[in-house]
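J.: My file is query.cif. It has mmCIF, C-alpha atoms:
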```
data_work
loop_
_atom_site.label_atom_id
_atom_site.label_comp_id
_atom_site.auth_asym_id
_atom_site.auth_seq_id
_atom_site.Cartn_x
_atom_site.Cartn_y
_atom_site.Cartn_z
CA MET S 1 106.83 -54.08 -61.58
CA ALA S 2 105.05 -56.34 -59.12
CA VAL S 3 105.29 -60.10 -59.59
CA LEU S 4 102.55 -62.27 -58.04
CA MET S 5 103.19 -65.64 -56.39
CA GLY S 6 103.09 -68.35 -58.99
CA SER S 7 103.73 -65.91 -61.82
CA PRO S 8 106.70 -66.45 -64.14
CA VAL S 9 109.81 -64.70 -62.85
CA PRO S 10 111.57 -62.63 -65.51
CA LEU S 11 115.28 -62.47 -66.18
CA ILE S 12 116.18 -58.78 -65.93
CA GLU S 13 119.29 -56.89 -66.97
CA ARG S 14 119.93 -53.15 -66.97
CA PHE S 15 122.76 -51.41 -68.81
CA GLY S 16 123.68 -48.17 -70.52
CA ALA S 17 123.34 -47.68 -74.27
CA MET S 18 122.17 -45.04 -76.76
CA GLY S 19 122.92 -42.30 -74.24
CA THR S 20 120.40 -43.63 -71.74
CA GLN S 21 119.48 -46.55 -69.50
CA VAL S 22 118.22 -49.79 -71.01
CA GLU S 23 116.27 -52.59 -69.37
CA VAL S 24 115.57 -55.99 -70.93
CA GLN S 25 113.18 -58.48 -69.32
CA VAL S 26 112.79 -62.03 -70.58
CA ILE S 27 110.06 -64.52 -69.62
CA GLY S 28 110.56 -68.21 -70.37
CA GLY S 29 113.95 -67.72 -72.00
CA ASN S 30 117.59 -67.84 -70.99
CA HIS S 31 120.42 -65.34 -70.62
CA SER S 32 121.45 -65.75 -74.25
CA VAL S 33 118.35 -63.74 -75.23
CA ILE S 34 119.56 -60.84 -73.08
CA HIS S 35 123.08 -61.12 -74.49
CA GLN S 36 121.66 -60.98 -78.03
CA ALA S 37 119.56 -57.96 -77.11
CA LYS S 38 122.60 -56.11 -75.75
CA ALA S 39 124.64 -56.90 -78.84
CA ARG S 40 121.85 -55.81 -81.19
CA ILE S 41 121.30 -52.51 -79.36
CA ALA S 42 125.05 -51.84 -79.41
CA ALA S 43 125.14 -52.51 -83.17
CA LEU S 44 122.23 -50.15 -83.81
CA GLU S 45 123.90 -47.46 -81.71
CA THR S 46 127.03 -47.84 -83.84
CA ARG S 47 124.90 -47.20 -86.94
CA TRP S 48 122.63 -44.46 -85.59
CA SER S 49 124.57 -42.33 -83.10
CA ARG S 50 125.22 -38.78 -84.29
CA PHE S 51 128.11 -38.64 -81.81
CA ARG S 52 130.11 -41.45 -83.47
CA THR S 53 132.11 -40.35 -86.50
CA GLY S 54 131.83 -43.76 -88.18
CA SER S 55 128.05 -44.07 -87.93
CA ASP S 56 125.62 -43.93 -90.84
CA VAL S 57 123.97 -40.87 -89.28
CA SER S 58 127.29 -39.03 -89.02
CA ALA S 59 128.00 -39.87 -92.68
CA LEU S 60 124.62 -38.48 -93.71
CA ASN S 61 125.22 -35.29 -91.75
CA ARG S 62 128.78 -34.78 -93.04
CA ASN S 63 127.59 -35.22 -96.61
CA ALA S 64 124.26 -33.39 -96.45
CA GLY S 65 123.02 -32.87 -99.99
CA SER S 66 124.83 -35.94 -101.31
CA SER S 67 123.85 -39.60 -101.37
CA VAL S 68 125.77 -41.98 -99.09
CA PRO S 69 125.60 -45.76 -98.55
CA VAL S 70 123.85 -46.82 -95.33
CA ALA S 71 122.83 -50.10 -93.70
CA PRO S 72 119.35 -51.61 -94.24
CA GLU S 73 118.47 -50.76 -90.62
CA THR S 74 119.27 -47.12 -91.34
CA ILE S 75 117.07 -47.19 -94.44
CA LEU S 76 114.24 -48.41 -92.19
CA LEU S 77 114.97 -45.66 -89.64
CA LEU S 78 114.84 -42.99 -92.35
CA GLU S 79 111.64 -44.42 -93.83
CA ARG S 80 109.97 -44.35 -90.41
CA ALA S 81 111.21 -40.80 -89.82
CA VAL S 82 109.77 -39.60 -93.14
CA ALA S 83 106.46 -41.32 -92.38
CA GLY S 84 106.32 -39.62 -89.00
CA ALA S 85 107.09 -36.17 -90.40
CA ARG S 86 104.41 -36.49 -93.06
CA ALA S 87 101.80 -37.84 -90.65
CA THR S 88 102.31 -34.99 -88.17
CA GLY S 89 102.60 -32.15 -90.65
CA GLY S 90 106.23 -31.60 -89.66
CA ARG S 91 105.67 -31.36 -85.90
CA PHE S 92 107.88 -34.41 -85.68
CA ASP S 93 110.92 -33.35 -87.70
CA PRO S 94 114.03 -35.57 -87.78
CA THR S 95 116.12 -32.78 -89.32
CA VAL S 96 116.11 -30.55 -86.20
CA GLY S 97 119.70 -31.54 -85.46
CA ALA S 98 121.01 -28.14 -86.56
CA ALA S 99 118.83 -26.46 -83.95
CA LEU S 100 120.09 -28.87 -81.28
CA LEU S 101 123.66 -28.04 -82.25
CA SER S 102 122.92 -24.32 -81.99
CA HIS S 103 121.68 -24.96 -78.43
CA GLY S 104 124.93 -26.66 -77.43
CA TYR S 105 123.70 -30.25 -77.80
CA ASP S 106 126.71 -31.21 -79.92
CA ARG S 107 127.99 -33.96 -77.65
CA THR S 108 126.55 -36.69 -75.44
CA PHE S 109 124.07 -35.27 -72.95
CA ALA S 110 126.33 -35.85 -69.93
CA ASP S 111 128.67 -33.17 -71.33
CA VAL S 112 126.10 -30.73 -72.72
CA ALA S 113 126.06 -28.51 -69.62
CA ASP S 114 129.69 -27.63 -70.25
CA ALA S 115 128.77 -26.37 -73.73
CA ALA S 116 126.39 -23.61 -72.56
CA GLN S 117 126.34 -20.78 -75.06
CA ASP S 118 124.25 -17.96 -76.54
CA LEU S 119 121.22 -19.30 -78.38
CA HIS S 120 120.84 -18.89 -82.11
CA PRO S 121 117.33 -19.97 -83.11
CA PHE S 122 117.50 -22.21 -86.16
CA PRO S 123 114.04 -22.67 -87.68
CA VAL S 124 114.05 -25.92 -89.63
CA VAL S 125 110.83 -25.64 -91.61
CA ASP S 126 109.15 -22.97 -93.70
CA GLY S 127 105.74 -24.57 -93.97
CA SER S 128 106.84 -27.65 -95.89
CA TRP S 129 108.81 -30.58 -94.55
CA PRO S 130 112.27 -31.02 -96.16
CA MET S 131 112.48 -34.36 -97.93
CA ILE S 132 114.97 -37.10 -97.16
CA GLU S 133 115.84 -39.04 -100.31
CA ILE S 134 115.96 -42.80 -99.83
CA ASN S 135 116.96 -45.49 -102.33
CA ALA S 136 116.14 -48.73 -100.55
CA PHE S 137 117.24 -50.86 -103.54
CA ALA S 138 120.74 -49.34 -103.59
CA SER S 139 120.76 -48.85 -99.78
CA THR S 140 121.69 -45.19 -100.12
CA ALA S 141 120.18 -41.99 -98.73
CA SER S 142 120.69 -38.26 -98.50
CA ILE S 143 119.39 -35.46 -96.31
CA PRO S 144 118.80 -31.90 -97.55
CA GLU S 145 121.81 -29.63 -97.63
CA GLY S 146 121.96 -27.42 -94.55
CA THR S 147 120.10 -29.89 -92.31
CA VAL S 148 121.28 -32.31 -89.61
CA PHE S 149 119.50 -35.63 -89.08
CA ASP S 150 118.90 -36.46 -85.41
CA PRO S 151 117.44 -39.94 -84.74
CA GLY S 152 116.63 -38.93 -81.15
CA GLY S 153 113.59 -40.64 -79.69
CA ILE S 154 112.53 -42.44 -82.86
CA GLY S 155 115.90 -44.21 -82.90
CA LYS S 156 115.39 -45.51 -79.39
CA GLY S 157 111.80 -46.48 -80.14
CA LEU S 158 112.63 -48.29 -83.37
CA ALA S 159 115.56 -50.07 -81.69
CA ALA S 160 113.19 -51.36 -78.99
CA ASP S 161 110.79 -52.55 -81.71
CA LEU S 162 113.48 -54.33 -83.70
CA VAL S 163 115.11 -56.06 -80.74
CA ALA S 164 111.85 -57.24 -79.20
CA ALA S 165 110.46 -58.50 -82.52
CA GLU S 166 113.67 -60.25 -83.55
CA LEU S 167 114.01 -62.12 -80.25
CA ALA S 168 110.32 -62.77 -79.49
CA ASP S 169 110.44 -66.35 -80.78
CA GLN S 170 113.25 -67.24 -78.35
CA ALA S 171 111.20 -66.58 -75.21
CA ASP S 172 107.61 -66.64 -73.98
CA GLY S 173 107.77 -62.89 -73.42
CA ILE S 174 110.19 -59.99 -73.78
CA LEU S 175 110.23 -56.35 -72.71
CA VAL S 176 112.77 -53.89 -74.14
CA ASN S 177 112.91 -50.48 -72.46
CA ILE S 178 115.31 -47.94 -73.98
CA GLY S 179 115.20 -44.71 -72.01
CA GLY S 180 111.48 -45.03 -71.28
CA ASP S 181 110.52 -46.23 -74.77
CA LEU S 182 109.11 -49.72 -74.23
CA ARG S 183 108.17 -52.57 -76.54
CA LEU S 184 106.30 -55.53 -75.04
CA CYS S 185 105.87 -58.93 -76.70
CA GLY S 186 104.33 -62.17 -75.48
CA THR S 187 103.65 -63.34 -71.94
CA GLY S 188 104.16 -60.83 -69.14
CA PRO S 189 105.13 -61.59 -65.52
CA ASP S 190 101.61 -60.86 -64.23
CA PRO S 191 98.35 -62.63 -65.14
CA ALA S 192 97.10 -59.27 -66.43
CA GLY S 193 100.11 -58.93 -68.72
CA TRP S 194 102.93 -56.40 -68.50
CA ILE S 195 102.41 -53.93 -65.63
CA ILE S 196 103.66 -50.49 -66.67
CA SER S 197 103.85 -47.51 -64.33
CA ILE S 198 103.60 -43.97 -65.72
CA GLU S 199 105.66 -41.65 -63.53
CA ASP S 200 104.95 -38.07 -62.51
CA PRO S 201 107.51 -35.94 -64.41
CA PHE S 202 107.85 -33.60 -61.41
CA VAL S 203 107.96 -36.17 -58.59
CA PRO S 204 110.18 -39.17 -59.36
CA MET S 205 108.78 -42.48 -58.09
CA ARG S 206 105.25 -41.01 -57.84
CA GLU S 207 102.90 -43.00 -60.04
CA LEU S 208 100.30 -41.17 -62.12
CA ALA S 209 98.81 -44.25 -63.74
CA CYS S 210 99.32 -48.01 -63.88
CA LEU S 211 98.68 -49.95 -67.06
CA ALA S 212 98.25 -53.67 -67.69
CA LEU S 213 99.15 -54.39 -71.32
CA PRO S 214 99.18 -57.80 -73.04
CA GLU S 215 101.59 -56.39 -75.65
CA GLY S 216 102.31 -53.21 -77.54
CA ALA S 217 104.41 -50.13 -76.89
CA VAL S 218 104.72 -47.13 -74.58
CA ALA S 219 106.77 -43.98 -75.22
CA THR S 220 107.24 -40.79 -73.21
CA SER S 221 108.51 -37.39 -74.33
CA SER S 222 109.44 -34.97 -71.56
CA CYS S 223 110.75 -31.41 -71.35
CA VAL S 224 111.72 -31.91 -67.71
CA GLN S 225 114.62 -34.35 -67.70
CA ARG S 226 117.07 -33.30 -70.43
CA ARG S 227 117.47 -29.62 -69.55
CA TRP S 228 120.60 -27.48 -69.39
CA GLU S 229 121.65 -23.89 -68.77
CA THR S 230 122.77 -21.56 -71.55
CA ALA S 231 123.70 -17.92 -71.51
CA ASP S 232 120.10 -17.20 -72.49
CA GLY S 233 118.47 -19.41 -69.86
CA VAL S 234 117.29 -22.98 -69.46
CA VAL S 235 116.62 -25.03 -72.59
CA HIS S 236 115.66 -28.63 -73.31
CA HIS S 237 116.12 -31.13 -76.12
CA ILE S 238 112.66 -31.10 -77.71
CA ILE S 239 112.83 -28.55 -80.51
CA ASP S 240 109.84 -26.83 -82.05
CA PRO S 241 110.75 -27.10 -85.75
CA PHE S 242 108.74 -23.98 -86.58
CA THR S 243 110.80 -21.75 -84.24
CA GLY S 244 114.10 -23.61 -84.00
CA THR S 245 114.08 -23.29 -80.20
CA SER S 246 113.05 -25.48 -77.27
CA ALA S 247 109.30 -26.07 -77.35
CA ARG S 248 107.24 -23.83 -75.04
CA THR S 249 103.72 -25.21 -75.14
CA GLY S 250 102.89 -25.51 -71.46
CA VAL S 251 103.35 -29.30 -71.62
CA ALA S 252 105.85 -31.05 -69.35
CA SER S 253 105.47 -34.61 -70.63
CA VAL S 254 103.43 -36.84 -72.90
CA THR S 255 103.04 -40.62 -72.68
CA VAL S 256 101.57 -42.56 -75.61
CA VAL S 257 100.44 -46.18 -75.84
CA ALA S 258 100.43 -47.67 -79.35
CA ALA S 259 101.16 -50.89 -81.21
CA GLU S 260 104.78 -50.00 -82.01
CA THR S 261 107.28 -47.87 -80.12
CA TRP S 262 108.54 -45.78 -83.05
CA TRP S 263 104.97 -44.64 -83.73
CA ALA S 264 104.28 -43.99 -80.04
CA GLU S 265 107.42 -41.82 -79.91
CA ILE S 266 106.34 -39.79 -82.95
CA GLN S 267 102.88 -39.23 -81.53
CA ALA S 268 104.32 -38.22 -78.15
CA THR S 269 106.55 -35.59 -79.77
CA SER S 270 103.69 -34.28 -81.89
CA LEU S 271 101.34 -34.02 -78.89
CA LEU S 272 103.97 -32.24 -76.83
CA LEU S 273 104.10 -29.55 -79.51
CA GLN S 274 100.31 -29.40 -79.92
CA GLY S 275 99.31 -29.38 -76.26
CA PRO S 276 96.16 -30.95 -74.74
CA GLY S 277 94.06 -29.90 -77.74
CA GLY S 278 95.88 -32.50 -79.82
CA LEU S 279 94.17 -35.34 -77.96
CA ALA S 280 91.01 -34.74 -79.96
CA ASP S 281 92.83 -35.56 -83.21
CA LEU S 282 94.17 -38.97 -82.16
CA ASP S 283 92.67 -42.06 -83.75
CA ASP S 284 91.36 -44.94 -81.65
CA THR S 285 94.56 -47.00 -82.05
CA VAL S 286 96.49 -44.61 -79.78
CA GLU S 287 96.02 -43.66 -76.11
CA ALA S 288 97.79 -40.70 -74.52
CA LEU S 289 98.39 -38.83 -71.27
CA ILE S 290 99.54 -35.20 -71.21
CA VAL S 291 100.93 -33.53 -68.08
CA THR S 292 101.05 -29.74 -68.20
CA ASP S 293 103.65 -27.45 -66.62
CA GLU S 294 101.13 -26.87 -63.80
CA GLY S 295 100.81 -30.60 -63.15
CA GLU S 296 97.35 -30.97 -64.68
CA CYS S 297 96.62 -34.28 -66.43
CA HIS S 298 94.71 -34.63 -69.69
CA ALA S 299 94.13 -38.10 -71.10
CA THR S 300 92.22 -40.16 -73.62
CA PRO S 301 89.35 -42.12 -72.01
CA LEU S 302 91.14 -45.42 -71.38
CA LEU S 303 94.12 -43.75 -69.72
CA ASP S 304 91.94 -41.28 -67.85
CA ALA S 305 90.21 -44.26 -66.22
CA VAL S 306 93.46 -45.45 -64.58
CA LEU S 307 94.84 -42.10 -63.42
CA ARG S 308 95.65 -41.94 -59.70
#
```
Just give me the structure of the file as structure tokens.
T.:
Amino acid sequence: MAVLMGSPVPLIERFGAMGTQVEVQVIGGNHSVIHQAKARIAALETRWSRFRTGSDVSALNRNAGSSVPVAPETILLLERAVAGARATGGRFDPTVGAALLSHGYDRTFADVADAAQDLHPFPVVDGSWPMIEINAFASTASIPEGTVFDPGGIGKGLAADLVAAELADQADGILVNIGGDLRLCGTGPDPAGWIISIEDPFVPMRELACLALPEGAVATSSCVQRRWETADGVVHHIIDPFTGTSARTGVASVTVVAAETWWAEIQATSLLLQGPGGLADLDDTVEALIVTDEGECHATPLLDAVLR
């Protein structure tokens, strides 16, 4: 991100959390804002990680079919997940965890390659999306028996939303980037706002487009980065819920710009499963860029105008 002379200089810190790299930028604030952001992200990871036995998500998965107590933040996560599944007709499905497990993704990604195995397709849907039961008043929830809840990208996106919104009043501007899911609030380091680069999924450091955003959110879903070998070939972490296997739609990556990161993440996953034809169905509150396996770019008008 370029910073012009005379522009406010951000405080920047990068660290690992939620199985990925995190970056927090603060304009017009002090280091305590960054410390609070780190602590909040760590707390959300403790609640939402499916790899931590004491997390709310692990409790839901161990007790599938039964109601368990969960934190208010987890209620919000589940509510957002249900909203996303309904809005996309099940293309975004937070209960694909069983399919991920069948592909060997039963541990943190750094160790997945060592778990290569024969694939056992695990279709998650049969034309209707399985309901998650939520009792916000009692702060309890349950997932359908035989399913596994995987917060995946929506967890990272919602965490970015929560942290940025909760700390926005302590600084002139804040950016929270969790594994490429970004939430932007307030004053950016450039007169045009926050300068966001969209990277070529096939050529790291090559810029496909450059955005100047006053605020909002950006999320990217990619089939290129989290890939591993199994006895049946190469797979990736984005599951097509209608087949129970890694999505094969000819799309390498999707980037979505929206008001909130959790919604951008849901739309990115849905578009990756739909392919370029899905762009026609987006409403005017969302912009998107699709990169195909052949490197072709398809974008909504505003993003198409800034493609390199």
J.: Have a look at S:Ala37, S:Val9, S:Val68, S:Ala305 and name the one nearest to Gln170 of chain S; count only C-alpha atoms.
T.: S:Ala37
J.: What does the distance from atom CA of Gly84 of chain S to atom CA of Leu158 of chain S come to in Å, to one decimal?
T.: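 Atom CA of Gly84 of chain S sits 12.1 Å away from atom CA of Leu158 of chain S.
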J.: Between atom CA of Pro189 of chain S and atom CA of Ser222 of chain S, what is the distance, to one decimal in Å?
T.: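 Those two atoms sit 27.6 Å apart.
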J.: What is the distance between atom CA of Thr255 of chain S and atom CA of Leu289 of chain S, in Å to one decimal?
T.: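 Spanning atom CA of Thr255 of chain S to atom CA of Leu289 of chain S is a straight-line distance of 5.2 Å.
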J.: Can you pull out the residues contacting Gly186 of chain S? Cut-off 7 Å, using only C-alpha atoms, and skip same-chain residues under 6 positions away; I want them as a list in words.
T.: Asp172, Gly173, Ile174 and Glu215 of chain S
J.: I need every residue sitting at most 8 Å from the point (117.6, -44.6, -84.3) (coordinates as in the file, all atoms listed in the file considered), written as a PDB file with C-alpha atoms, in the frame of the given file.
T.:
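Result written to out.pdb:
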```pdb
ATOM      1  CA  LEU S  44     122.230 -50.150 -83.810  1.00  0.00           C
ATOM      2  CA  GLU S  45     123.900 -47.460 -81.710  1.00  0.00           C
ATOM      3  CA  TRP S  48     122.630 -44.460 -85.590  1.00  0.00           C
ATOM      4  CA  SER S  49     124.570 -42.330 -83.100  1.00  0.00           C
ATOM      5  CA  THR S  74     119.270 -47.120 -91.340  1.00  0.00           C
ATOM      6  CA  LEU S  77     114.970 -45.660 -89.640  1.00  0.00           C
ATOM      7  CA  PRO S 151     117.440 -39.940 -84.740  1.00  0.00           C
ATOM      8  CA  GLY S 152     116.630 -38.930 -81.150  1.00  0.00           C
ATOM      9  CA  GLY S 153     113.590 -40.640 -79.690  1.00  0.00           C
ATOM     10  CA  ILE S 154     112.530 -42.440 -82.860  1.00  0.00           C
ATOM     11  CA  GLY S 155     115.900 -44.210 -82.900  1.00  0.00           C
ATOM     12  CA  LYS S 156     115.390 -45.510 -79.390  1.00  0.00           C
ATOM     13  CA  GLY S 157     111.800 -46.480 -80.140  1.00  0.00           C
ATOM     14  CA  LEU S 158     112.630 -48.290 -83.370  1.00  0.00           C
ATOM     15  CA  ALA S 159     115.560 -50.070 -81.690  1.00  0.00           C
TER      16      ALA S 159
END
```
J.: Using only C-alpha atoms, which of the listed residues (S:Ala280, S:Val176, S:Met205, S:Val291) sits closest to Cys223 of chain S?
T.: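 For Cys223 of chain S, the nearest of the given residues is S:Val291.
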J.: Expand the PyMOL selection byres ((chain S and resi 11) around 12) into the explicit residue set it covers here, and present it as a PyMOL selection string.
T.: chain S and resi 8-10+12-14+23-35+171-176+188-189
J.: Which of these residues is nearest to Ala219 of chain S, using all atoms listed in the file: S:Thr249, S:Thr261, S:Thr187, S:Ser55?
T.: S:Thr261
J.: Which one is closest to Glu207 of chain S: S:Leu307, S:Ala164, S:Ala81, S:Met18? Count all atoms listed in the file.
T.: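 The answer is S:Leu307, which sits nearest to Glu207 of chain S.
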J.: From the block I gave, I'd like segment 198-225 of chain S written with N, CA and C atoms, as a CSV table (one decimal), in the first residue's frame.
T.:
```csv
chain,number,residue,atom,x,y,z
S,198,ILE,N,-5.6,-6.2,-5.7
S,198,ILE,CA,-6.1,-7.5,-6.0
S,198,ILE,C,-5.0,-8.3,-6.8
S,199,GLU,N,-4.5,-9.4,-6.2
S,199,GLU,CA,-3.4,-10.1,-6.8
S,199,GLU,C,-3.8,-11.2,-7.7
S,200,ASP,N,-3.0,-11.4,-8.7
S,200,ASP,CA,-3.2,-12.5,-9.7
S,200,ASP,C,-3.0,-13.9,-8.9
S,201,PRO,N,-4.0,-14.8,-8.9
S,201,PRO,CA,-3.8,-16.0,-8.2
S,201,PRO,C,-2.7,-16.9,-8.7
S,202,PHE,N,-2.3,-16.7,-9.9
S,202,PHE,CA,-1.3,-17.6,-10.5
S,202,PHE,C,0.1,-17.0,-10.5
S,203,VAL,N,0.2,-15.6,-10.3
S,203,VAL,CA,1.5,-14.9,-10.3
S,203,VAL,C,1.6,-14.0,-9.0
S,204,PRO,N,2.1,-14.6,-7.9
S,204,PRO,CA,2.2,-13.7,-6.7
S,204,PRO,C,2.9,-12.4,-7.0
S,205,MET,N,2.4,-11.4,-6.4
S,205,MET,CA,2.9,-10.0,-6.5
S,205,MET,C,2.5,-9.3,-7.8
S,206,ARG,N,1.8,-10.0,-8.7
S,206,ARG,CA,1.3,-9.4,-9.9
S,206,ARG,C,-0.1,-8.8,-9.6
S,207,GLU,N,-0.2,-7.6,-9.9
S,207,GLU,CA,-1.5,-6.9,-9.5
S,207,GLU,C,-2.5,-7.0,-10.7
S,208,LEU,N,-3.7,-7.5,-10.4
S,208,LEU,CA,-4.7,-7.5,-11.5
S,208,LEU,C,-5.5,-6.2,-11.5
S,209,ALA,N,-5.8,-5.6,-10.3
S,209,ALA,CA,-6.6,-4.4,-10.1
S,209,ALA,C,-6.2,-3.7,-8.9
S,210,CYS,N,-6.4,-2.4,-8.8
S,210,CYS,CA,-6.1,-1.6,-7.7
S,210,CYS,C,-7.3,-0.8,-7.3
S,211,LEU,N,-7.8,-0.9,-6.1
S,211,LEU,CA,-9.0,-0.2,-5.7
S,211,LEU,C,-8.7,0.8,-4.7
S,212,ALA,N,-9.5,1.9,-4.7
S,212,ALA,CA,-9.4,2.9,-3.7
S,212,ALA,C,-10.8,3.0,-3.0
S,213,LEU,N,-10.9,2.5,-1.7
S,213,LEU,CA,-12.1,2.4,-1.0
S,213,LEU,C,-12.2,3.3,0.2
S,214,PRO,N,-13.2,4.1,0.4
S,214,PRO,CA,-13.3,4.9,1.6
S,214,PRO,C,-13.6,4.0,2.8
S,215,GLU,N,-14.3,2.9,2.6
S,215,GLU,CA,-14.6,2.0,3.7
S,215,GLU,C,-15.2,0.7,3.1
S,216,GLY,N,-15.6,-0.2,3.9
S,216,GLY,CA,-16.2,-1.4,3.3
S,216,GLY,C,-15.4,-2.7,3.5
S,217,ALA,N,-15.5,-3.6,2.6
S,217,ALA,CA,-14.9,-4.9,2.8
S,217,ALA,C,-14.5,-5.6,1.5
S,218,VAL,N,-13.5,-6.4,1.6
S,218,VAL,CA,-13.0,-7.2,0.4
S,218,VAL,C,-12.8,-8.6,0.9
S,219,ALA,N,-13.2,-9.6,0.1
S,219,ALA,CA,-12.9,-11.0,0.4
S,219,ALA,C,-12.6,-11.7,-0.8
S,220,THR,N,-11.7,-12.7,-0.7
S,220,THR,CA,-11.2,-13.5,-1.9
S,220,THR,C,-11.3,-15.0,-1.5
S,221,SER,N,-11.9,-15.7,-2.4
S,221,SER,CA,-11.9,-17.2,-2.3
S,221,SER,C,-11.1,-17.7,-3.5
S,222,SER,N,-10.2,-18.7,-3.2
S,222,SER,CA,-9.3,-19.2,-4.2
S,222,SER,C,-9.1,-20.7,-4.1
S,223,CYS,N,-9.1,-21.3,-5.2
S,223,CYS,CA,-8.8,-22.8,-5.3
S,223,CYS,C,-7.3,-23.1,-5.4
S,224,VAL,N,-6.5,-22.0,-5.5
S,224,VAL,CA,-5.1,-22.2,-5.9
S,224,VAL,C,-4.2,-22.4,-4.7
S,225,GLN,N,-4.5,-21.7,-3.6
S,225,GLN,CA,-3.5,-21.6,-2.5
S,225,GLN,C,-3.6,-22.9,-1.6
```
